[in-house]
>>> print(open('entry18.tsv').read())   # TSV, C-alpha atoms
chain	number	residue	atom	x	y	z
A	816	MET	CA	26.02	-11.85	42.31
A	817	PRO	CA	23.11	-10.04	40.63
A	818	ILE	CA	20.76	-7.96	42.69
A	819	VAL	CA	18.17	-7.82	39.92
A	820	GLY	CA	15.78	-10.72	39.37
A	821	SER	CA	13.14	-11.19	36.73
A	822	PHE	CA	9.97	-13.17	36.26
A	823	ALA	CA	7.84	-13.91	33.23
A	824	GLY	CA	4.72	-15.96	32.81
A	825	ALA	CA	1.17	-16.09	34.02
A	826	SER	CA	1.68	-18.07	37.20
A	827	ALA	CA	2.84	-16.90	40.58
A	828	ARG	CA	6.61	-16.90	40.97
A	829	ALA	CA	8.95	-16.58	43.90
A	830	TYR	CA	12.32	-14.91	44.10
A	831	GLY	CA	14.64	-14.13	46.96
A	832	LEU	CA	18.07	-12.65	47.48
A	833	GLY	CA	20.79	-15.25	47.48
A	834	ALA	CA	23.42	-15.48	50.18
A	835	GLY	CA	26.23	-13.04	49.68
A	836	VAL	CA	24.31	-10.46	47.67
A	837	LYS	CA	25.85	-7.09	48.40
A	838	GLU	CA	23.39	-4.34	49.13
A	839	ILE	CA	24.04	-1.03	47.41
A	840	ASP	CA	23.22	2.58	48.20
A	841	GLY	CA	19.49	3.11	47.85
A	842	LEU	CA	19.09	6.89	47.83
A	843	GLU	CA	21.40	9.04	45.75
A	844	LEU	CA	21.63	12.84	45.77
A	845	ILE	CA	21.39	13.77	42.10
A	846	THR	CA	21.67	17.54	42.40
A	847	SER	CA	20.85	20.48	44.63
A	848	GLN	CA	20.66	24.26	44.42
A	849	SER	CA	20.95	27.07	46.93
A	850	PHE	CA	19.10	30.27	46.07
A	851	THR	CA	18.38	33.70	47.54
A	852	SER	CA	15.26	35.80	46.89
A	853	VAL	CA	14.26	34.21	43.59
A	854	SER	CA	10.88	33.74	41.94
A	855	SER	CA	11.77	30.35	40.49
A	856	VAL	CA	14.46	27.66	40.49
A	857	THR	CA	15.18	25.53	37.42
A	858	PHE	CA	16.64	22.02	37.32
A	859	ASP	CA	17.58	20.47	33.97
A	860	ASN	CA	18.85	16.94	33.28
A	861	CYS	CA	18.04	15.65	36.76
A	862	PHE	CA	15.55	12.98	35.58
A	863	SER	CA	16.85	10.06	33.53
A	864	ASN	CA	16.53	6.34	32.94
A	865	THR	CA	18.84	5.75	35.89
A	866	TYR	CA	15.91	6.09	38.29
A	867	VAL	CA	12.19	5.36	38.41
A	868	GLN	CA	11.22	7.23	41.58
A	869	TYR	CA	12.56	10.54	42.92
A	870	LYS	CA	12.26	12.49	46.14
A	871	ILE	CA	12.47	16.29	46.18
A	872	VAL	CA	13.19	18.05	49.47
A	873	VAL	CA	12.71	21.81	49.89
A	874	ASN	CA	14.13	23.83	52.75
A	875	ALA	CA	13.08	27.42	52.13
A	876	SER	CA	11.39	30.55	53.42
A	877	GLY	CA	9.44	33.14	51.43
A	878	THR	CA	8.56	36.78	51.36
A	879	THR	CA	4.90	35.79	51.56
A	880	THR	CA	2.87	32.64	52.21
A	881	ALA	CA	2.70	30.86	48.86
A	882	GLY	CA	2.41	27.33	47.53
A	883	ILE	CA	5.40	26.12	45.53
A	884	GLY	CA	4.32	24.63	42.21
A	885	LEU	CA	6.25	22.34	39.88
A	886	GLN	CA	6.33	22.44	36.09
A	887	PHE	CA	8.20	19.79	34.13
A	888	ARG	CA	10.85	20.63	31.57
A	889	THR	CA	12.23	18.91	28.49
A	890	SER	CA	15.46	19.96	26.78
A	891	GLY	CA	15.39	23.32	28.50
A	892	THR	CA	11.77	24.16	27.74
A	893	THR	CA	9.10	24.33	30.44
A	894	TYR	CA	5.90	22.37	29.78
A	895	THR	CA	3.13	24.90	30.45
A	896	THR	CA	0.12	23.22	28.86
A	897	ALA	CA	-2.94	22.88	31.12
A	898	SER	CA	-2.64	19.11	31.60
A	899	TYR	CA	-1.53	18.92	35.24
A	900	GLN	CA	-3.91	17.47	37.87
A	901	MET	CA	-4.10	17.51	41.65
A	902	GLN	CA	-6.20	15.74	44.30
A	903	SER	CA	-5.75	16.69	47.95
A	904	LEU	CA	-6.78	15.48	51.39
A	905	LYS	CA	-6.42	18.25	53.94
A	906	PHE	CA	-6.60	17.97	57.73
A	907	GLU	CA	-7.21	21.22	59.59
A	908	ASN	CA	-9.17	22.33	62.62
A	909	GLY	CA	-10.21	18.76	63.37
A	910	GLY	CA	-11.83	18.24	60.01
A	911	VAL	CA	-10.94	16.69	56.67
A	912	ALA	CA	-11.56	18.21	53.26
A	913	ALA	CA	-10.83	17.03	49.73
A	914	GLN	CA	-10.28	18.92	46.50
A	915	ARG	CA	-9.57	17.93	42.91
A	916	LEU	CA	-8.23	20.37	40.33
A	917	THR	CA	-7.74	19.54	36.65
A	918	GLY	CA	-6.51	21.54	33.69
A	919	LEU	CA	-3.76	23.09	35.78
A	920	THR	CA	-0.55	24.50	34.35
A	921	ASN	CA	1.54	23.16	37.23
A	922	TRP	CA	1.45	20.74	40.15
A	923	GLN	CA	0.11	23.25	42.68
A	924	ASN	CA	1.70	23.21	46.14
A	925	SER	CA	3.49	19.98	45.27
A	926	LEU	CA	6.71	21.28	46.82
A	927	GLY	CA	5.02	22.64	49.92
A	928	VAL	CA	3.84	26.02	51.13
A	929	VAL	CA	6.58	28.52	51.83
A	930	VAL	CA	6.01	31.00	54.66
A	931	SER	CA	8.07	33.90	55.92
A	932	SER	CA	8.61	33.04	59.55
A	933	ARG	CA	9.07	29.29	59.81
A	934	GLY	CA	9.84	26.14	57.93
A	935	PHE	CA	7.62	23.47	56.48
A	936	ILE	CA	7.99	19.79	55.66
A	937	CYS	CA	7.22	18.38	52.26
A	938	GLY	CA	8.25	15.04	50.81
A	939	LEU	CA	7.19	15.03	47.17
A	940	GLU	CA	8.00	11.76	45.42
A	941	ILE	CA	7.63	11.47	41.65
A	942	MET	CA	7.39	8.29	39.60
A	943	ASN	CA	8.42	7.93	35.96
A	944	PRO	CA	8.95	11.57	34.88
A	945	PHE	CA	11.57	10.57	32.30
A	946	GLN	CA	9.97	7.39	31.01
A	947	THR	CA	7.32	8.00	28.36
A	948	MET	CA	4.52	7.20	30.78
A	949	PHE	CA	2.05	9.28	32.74
A	950	ALA	CA	4.18	10.81	35.51
A	951	SER	CA	2.58	10.87	38.95
A	952	GLY	CA	3.47	12.14	42.38
A	953	VAL	CA	2.54	12.00	46.04
A	954	SER	CA	3.31	14.80	48.48
A	955	PRO	CA	2.61	14.46	52.22
A	956	GLN	CA	3.23	17.87	53.74
A	957	GLN	CA	2.96	20.06	56.82
A	958	TYR	CA	2.89	23.84	56.92
A	959	PHE	CA	1.57	26.71	59.02
A	960	ASP	CA	-0.46	29.49	57.41
A	961	GLY	CA	-2.05	30.78	60.57
A	962	ILE	CA	-3.09	27.31	61.70
A	963	GLN	CA	-1.32	23.97	61.43
A	964	GLN	CA	-2.05	22.15	58.18
A	965	LEU	CA	-1.48	18.52	57.28
A	966	GLU	CA	-2.07	17.56	53.67
A	967	ASN	CA	-1.58	14.62	51.40
A	968	ARG	CA	-1.58	15.66	47.76
A	969	ALA	CA	-1.62	13.39	44.71
A	970	PHE	CA	-0.56	14.57	41.28
A	971	GLY	CA	-1.01	13.37	37.72
A	972	ILE	CA	-0.51	14.64	34.20
A	973	THR	CA	-2.47	13.73	31.09
A	974	VAL	CA	0.48	13.44	28.70
A	975	THR	CA	3.21	10.82	28.43
A	976	ASN	CA	6.07	13.18	27.59
A	977	SER	CA	9.60	12.41	28.72
A	978	PHE	CA	10.69	15.14	31.13
A	979	ASP	CA	14.30	15.65	32.18
A	980	GLY	CA	13.83	18.49	34.65
A	981	PHE	CA	11.50	20.87	36.39
A	982	VAL	CA	11.03	24.43	37.56
A	983	ALA	CA	9.90	25.20	41.11
A	984	ALA	CA	8.14	28.51	41.69
A	985	PRO	CA	6.09	29.99	44.53
A	986	SER	CA	2.67	31.32	43.54
A	987	GLY	CA	3.74	34.74	44.81
A	988	GLY	CA	6.76	36.55	46.17
A	989	ASN	CA	10.31	35.24	46.29
A	990	MET	CA	11.94	32.38	48.17
A	991	THR	CA	15.32	31.70	49.73
A	992	GLY	CA	16.74	28.32	50.61
A	993	ASN	CA	17.72	24.98	49.13
A	994	ILE	CA	16.18	22.27	46.96
A	995	TYR	CA	17.59	18.75	46.86
A	996	VAL	CA	16.73	16.12	44.23
A	997	TYR	CA	17.27	12.46	45.16
A	998	GLY	CA	16.82	9.28	43.14
A	999	PHE	CA	15.96	5.87	44.53
A	1000	SER	CA	18.55	3.54	43.05
A	1001	LYS	CA	17.47	0.72	40.75
A	1002	GLY	CA	20.76	-1.14	41.14
A	1003	SER	CA	22.72	-2.68	38.30
B	66	MET	CA	29.58	9.46	55.23
B	67	ALA	CA	27.65	6.22	55.22
B	68	THR	CA	24.47	5.96	53.21
B	69	GLY	CA	21.24	5.78	55.20
B	70	LEU	CA	19.20	3.74	52.73
B	71	LYS	CA	20.22	0.48	51.06
B	72	LEU	CA	18.70	-1.14	48.00
B	73	LEU	CA	18.07	-4.72	49.10
B	74	SER	CA	16.21	-6.16	46.15
B	75	ARG	CA	14.88	-5.25	42.74
B	76	ASP	CA	12.81	-7.60	40.66
B	77	SER	CA	11.13	-7.15	37.32
B	78	PHE	CA	8.25	-9.29	36.14
B	79	THR	CA	5.86	-9.60	33.23
B	80	THR	CA	2.19	-10.71	33.33
B	81	VAL	CA	2.34	-12.62	36.60
B	82	THR	CA	-0.48	-13.17	39.07
B	83	SER	CA	1.75	-12.52	42.08
B	84	VAL	CA	5.35	-11.95	43.08
B	85	SER	CA	6.87	-13.37	46.27
B	86	LEU	CA	10.14	-12.16	47.75
B	87	ASP	CA	11.88	-14.34	50.33
B	88	ASN	CA	14.76	-13.47	52.65
B	89	VAL	CA	14.45	-9.75	52.01
B	90	PHE	CA	13.63	-8.79	55.62
B	91	SER	CA	16.23	-9.44	58.33
B	92	SER	CA	17.52	-8.25	61.67
B	93	SER	CA	19.85	-5.85	59.81
B	94	TYR	CA	16.98	-3.41	59.28
B	95	LYS	CA	13.79	-2.36	61.02
B	96	GLN	CA	12.14	-0.02	58.52
B	97	TYR	CA	11.78	-0.68	54.80
B	98	LYS	CA	10.61	1.31	51.81
B	99	ILE	CA	8.90	-0.62	49.01
B	100	VAL	CA	8.48	0.93	45.56
B	101	THR	CA	6.03	-0.82	43.24
B	102	ASP	CA	6.26	0.40	39.64
B	103	VAL	CA	3.56	-1.72	38.06
B	104	ASP	CA	0.67	-1.75	35.61
B	105	SER	CA	-2.14	-4.17	34.93
B	106	GLY	CA	-5.00	-4.84	32.57
B	107	ASN	CA	-7.38	-3.78	35.34
B	108	ASN	CA	-7.43	-0.87	37.80
B	109	GLU	CA	-6.76	-2.43	41.19
B	110	ASN	CA	-4.97	-1.83	44.45
B	111	VAL	CA	-1.80	-3.86	44.93
B	112	LEU	CA	-2.31	-6.46	47.68
B	113	PHE	CA	0.40	-7.39	50.19
B	114	ARG	CA	0.91	-10.42	52.41
B	115	LEU	CA	3.72	-11.06	54.85
B	116	ARG	CA	5.63	-14.28	54.35
B	117	ALA	CA	7.84	-16.53	56.49
B	118	SER	CA	10.04	-19.43	55.34
B	119	GLY	CA	8.40	-19.48	51.95
B	120	THR	CA	4.79	-19.46	53.13
B	121	ASP	CA	2.34	-16.55	53.00
B	122	ASN	CA	0.43	-15.59	56.11
B	123	SER	CA	-3.11	-15.76	54.73
B	124	SER	CA	-4.86	-15.73	58.09
B	125	GLY	CA	-7.43	-13.08	58.91
B	126	ASN	CA	-5.20	-10.98	61.13
B	127	TYR	CA	-4.46	-8.01	58.89
B	128	ARG	CA	-5.99	-4.63	59.73
B	129	ARG	CA	-6.04	-1.24	58.04
B	130	THR	CA	-7.47	2.25	58.34
B	131	TYR	CA	-7.80	4.38	55.24
B	132	LEU	CA	-8.97	7.76	53.96
B	133	VAL	CA	-9.80	8.34	50.31
B	134	GLY	CA	-10.12	11.77	48.71
B	135	THR	CA	-12.21	11.72	45.54
B	136	SER	CA	-12.93	15.19	44.19
B	137	THR	CA	-14.59	16.87	47.22
B	138	SER	CA	-15.65	13.58	48.83
B	139	VAL	CA	-13.81	12.01	51.77
B	140	VAL	CA	-14.44	8.38	52.65
B	141	GLY	CA	-12.69	6.38	55.35
B	142	ALA	CA	-13.03	3.11	57.23
B	143	ASN	CA	-11.38	0.75	59.67
B	144	GLU	CA	-11.06	-2.85	58.56
B	145	SER	CA	-10.04	-5.84	60.69
B	146	SER	CA	-9.88	-9.62	60.21
B	147	GLN	CA	-8.55	-9.12	56.70
B	148	THR	CA	-6.42	-11.75	54.93
B	149	VAL	CA	-4.31	-9.17	53.13
B	150	TRP	CA	-3.22	-5.53	53.22
B	151	SER	CA	-4.80	-3.71	50.29
B	152	GLY	CA	-3.28	-0.57	48.84
B	153	PHE	CA	0.46	-1.20	48.62
B	154	GLY	CA	0.49	0.96	45.52
B	155	ARG	CA	-1.73	0.68	42.53
B	156	ALA	CA	-1.85	-1.40	39.36
B	157	GLU	CA	-3.69	0.31	36.52
B	158	SER	CA	-4.03	-0.07	32.81
B	159	GLY	CA	-1.37	1.96	31.03
B	160	VAL	CA	-0.39	3.94	34.14
B	161	ARG	CA	2.29	3.28	36.75
B	162	GLN	CA	1.23	5.27	39.80
B	163	CYS	CA	3.49	6.79	42.41
B	164	ASN	CA	3.30	5.41	45.93
B	165	ILE	CA	5.08	6.05	49.20
B	166	THR	CA	5.00	2.80	51.14
B	167	GLU	CA	6.99	1.82	54.23
B	168	VAL	CA	6.96	-1.19	56.57
B	169	LEU	CA	8.25	-1.33	60.16
B	170	ASN	CA	9.57	-4.40	62.02
B	171	PRO	CA	8.50	-7.24	59.73
B	172	PHE	CA	11.40	-9.46	60.85
B	173	GLN	CA	11.39	-8.51	64.53
B	174	SER	CA	9.02	-10.53	66.69
B	175	THR	CA	6.62	-7.67	67.22
B	176	ASN	CA	3.49	-6.54	65.46
B	177	THR	CA	4.41	-5.29	61.97
B	178	THR	CA	3.02	-1.91	60.94
B	179	ALA	CA	3.03	0.02	57.67
B	180	TYR	CA	1.64	2.99	55.80
B	181	SER	CA	1.03	3.84	52.19
B	182	PHE	CA	0.17	7.01	50.29
B	183	PHE	CA	-0.74	6.46	46.69
B	184	VAL	CA	-2.49	7.80	43.60
B	185	PRO	CA	-5.29	5.92	41.90
B	186	SER	CA	-6.73	7.41	38.74
B	187	ALA	CA	-9.34	4.92	37.63
B	188	SER	CA	-11.35	6.29	34.72
B	189	GLY	CA	-8.95	9.21	34.50
B	190	ASN	CA	-10.15	10.80	37.73
B	191	LEU	CA	-7.32	11.43	40.14
B	192	GLU	CA	-7.75	10.29	43.76
B	193	VAL	CA	-5.51	10.25	46.79
B	194	ILE	CA	-5.44	7.46	49.39
B	195	SER	CA	-3.73	7.30	52.78
B	196	VAL	CA	-3.62	3.92	54.52
B	197	ALA	CA	-2.28	2.73	57.88
B	198	TYR	CA	-1.74	-0.98	58.51
B	199	ASP	CA	-1.00	-3.37	61.31
B	200	ILE	CA	-1.28	-7.07	62.05
B	201	THR	CA	-2.49	-8.73	65.24
B	202	VAL	CA	0.29	-11.31	65.48
B	203	SER	CA	3.96	-10.84	66.34
B	204	THR	CA	5.38	-13.39	63.91
B	205	SER	CA	8.80	-12.85	62.34
B	206	TYR	CA	8.52	-12.51	58.55
B	207	ASP	CA	11.39	-12.65	56.07
B	208	GLY	CA	9.48	-11.75	52.93
B	209	PHE	CA	6.22	-10.80	51.29
B	210	THR	CA	3.93	-11.43	48.34
B	211	ILE	CA	2.28	-8.75	46.23
B	212	ALA	CA	-0.58	-9.31	43.79
B	213	PRO	CA	-2.87	-7.14	41.66
B	214	GLY	CA	-6.28	-7.09	43.23
B	215	PHE	CA	-8.57	-9.89	44.30
B	216	SER	CA	-9.37	-11.11	40.82
B	217	ALA	CA	-7.23	-13.48	38.81
B	218	SER	CA	-5.60	-10.69	36.87
B	219	THR	CA	-1.90	-10.22	36.17
B	220	PHE	CA	0.49	-7.33	36.50
B	221	SER	CA	3.89	-6.28	35.14
B	222	GLY	CA	6.65	-4.00	36.32
B	223	THR	CA	9.24	-3.86	39.05
B	224	VAL	CA	9.32	-3.97	42.84
B	225	GLN	CA	12.23	-2.41	44.73
B	226	VAL	CA	12.89	-2.95	48.44
B	227	TYR	CA	15.06	-0.58	50.48
B	228	GLY	CA	16.19	-0.79	54.09
B	229	TYR	CA	16.94	2.14	56.39
B	230	VAL	CA	20.34	1.61	57.97
B	231	ILE	CA	20.26	1.28	61.75
>>> encode(input="entry18.tsv", output="structure tokens")
Amino acid sequence: MPIVGSFAGASARAYGLGAGVKEIDGLELITSQSFTSVSSVTFDNCFSNTYVQYKIVVNASGTTTAGIGLQFRTSGTTYTTASYQMQSLKFENGGVAAQRLTGLTNWQNSLGVVVSSRGFICGLEIMNPFQTMFASGVSPQQYFDGIQQLENRAFGITVTNSFDGFVAAPSGGNMTGNIYVYGFSKGS
Amino acid sequence: MATGLKLLSRDSFTTVTSVSLDNVFSSSYKQYKIVTDVDSGNNENVLFRLRASGTDNSSGNYRRTYLVGTSTSVVGANESSQTVWSGFGRAESGVRQCNITEVLNPFQSTNTTAYSFFVPSASGNLEVISVAYDITVSTSYDGFTIAPGFSASTFSGTVQVYGYVI
């Protein structure tokens, strides 16, 4: 019994799961790394046509408070051109502030803000990094850099390259911990 | 170890005005994740309506609260008496934008709630939007309809529905 349906045409269409369709695992751990006192962590061949959307979870501490940026990679080469973009909404001290940065060489703070004395929560999800489309990402995150911070960060890139991996690096110091890369299953 | 998230449905579509999924919500799950990987000829928010027994709820009982970050500007509002939830992802020309969208208790006879974080980039300028949703009725819904914006435009792509195992 297929789990995948398809529509074509200009009119509204309806589709529903038929009786007996077997649900399959929806979130798959693609790869992970443990690391100790490093300035960057590289993942190759983790993005593919098998998935459209990914979730990256970081559990780490750092030698100093620093945002963890992401740069994409293709065939073992890091893409460092200034074509990364970021728009943030930040809640702190009872107020809300927004910021847009363009011409960046990485997705700044997309993987959270590592601190020395406590953890942080970051749930970056990326859409279409491998497909030759404009990759984009959303990263709701919490961290403490002297006061509690709640941010929602959006990310884009102005090229349609196919990326198969990424490098994660704090903006300063070293980090110790784990990074997990998950893919949301597309089914058969 | 059992998986915690199940893929319940994946549908692909090409140049349609809307897509309706029936029998995708059930008592087997309470919280769902919906991934819309779509593009359109226009730049519009994806609209969402709950659906029961093959019929959309198009009554004015949808509500939402949102915050939009555009460069250094922050704009927000509360909206009630809406006939649809706007912002279940984004349909844009040539871009398929990432969204994090989850729905709670659509099938249970309690007020359905949801949130969505997504990335519009109309005219090439990146934005970020956070939206919270609820509905003022406690109807049990088994499906939903998504559509690209209020105009009679079409969209293409895929929609994937996941359920968190309980």
>>> residues_around(input="entry18.tsv", residues="segment 995-998 of chain A", least_positions_apart="3", cutoff="7 Å", atoms="all atoms listed in the file", output="ChimeraX atom specification")
/A:842-848,866,868-873
>>> atom_distance(input="entry18.tsv", atom1="atom CA of Met942 of chain A", atom2="atom CA of Ala969 of chain A")
11.5 Å
>>> residues_near_point(input="entry18.tsv", point="(-8.6, 4.5, 57.3)", cutoff="10 Å", atoms="only C-alpha atoms", output="CSV table (one decimal) with C-alpha atoms, in the coordinates of the input")
chain,number,residue,atom,x,y,z
B,128,ARG,CA,-6.0,-4.6,59.7
B,129,ARG,CA,-6.0,-1.2,58.0
B,130,THR,CA,-7.5,2.2,58.3
B,131,TYR,CA,-7.8,4.4,55.2
B,132,LEU,CA,-9.0,7.8,54.0
B,133,VAL,CA,-9.8,8.3,50.3
B,140,VAL,CA,-14.4,8.4,52.6
B,141,GLY,CA,-12.7,6.4,55.4
B,142,ALA,CA,-13.0,3.1,57.2
B,143,ASN,CA,-11.4,0.8,59.7
B,144,GLU,CA,-11.1,-2.8,58.6
B,194,ILE,CA,-5.4,7.5,49.4
B,195,SER,CA,-3.7,7.3,52.8
B,196,VAL,CA,-3.6,3.9,54.5
B,197,ALA,CA,-2.3,2.7,57.9
B,198,TYR,CA,-1.7,-1.0,58.5
>>> residues_around(input="entry18.tsv", residues="segment 166-182 of chain B", least_positions_apart="5", cutoff="6 Å", atoms="all atoms listed in the file", output="compact mmCIF listing (two decimals) with C-alpha atoms, keeping the file's coordinate frame")
# COMPACT_ATOMS: atom_id res chain seq x y z
CA PHE B 90 13.63 -8.79 55.62
CA SER B 91 16.23 -9.44 58.33
CA LYS B 95 13.79 -2.36 61.02
CA GLN B 96 12.14 -0.02 58.52
CA TYR B 97 11.78 -0.68 54.80
CA LYS B 98 10.61 1.31 51.81
CA ILE B 99 8.90 -0.62 49.01
CA ILE B 194 -5.44 7.46 49.39
CA SER B 195 -3.73 7.30 52.78
CA VAL B 196 -3.62 3.92 54.52
CA ALA B 197 -2.28 2.73 57.88
CA TYR B 198 -1.74 -0.98 58.51
CA ASP B 199 -1.00 -3.37 61.31
CA ILE B 200 -1.28 -7.07 62.05
CA VAL B 202 0.29 -11.31 65.48
CA SER B 203 3.96 -10.84 66.34
CA THR B 204 5.38 -13.39 63.91
CA SER B 205 8.80 -12.85 62.34
CA TYR B 206 8.52 -12.51 58.55
CA ASP B 207 11.39 -12.65 56.07
>>> closest_residue(input="entry18.tsv", among="B:Ser158, B:Ser83, B:Thr101, B:Gln147", to="Gln225 of chain B", atoms="only C-alpha atoms")
B:Thr101
>>> closest_residue(input="entry18.tsv", among="B:Ser221, B:Thr135, B:Gln162, B:Ser151", to="Val100 of chain B", atoms="all atoms listed in the file")
B:Gln162
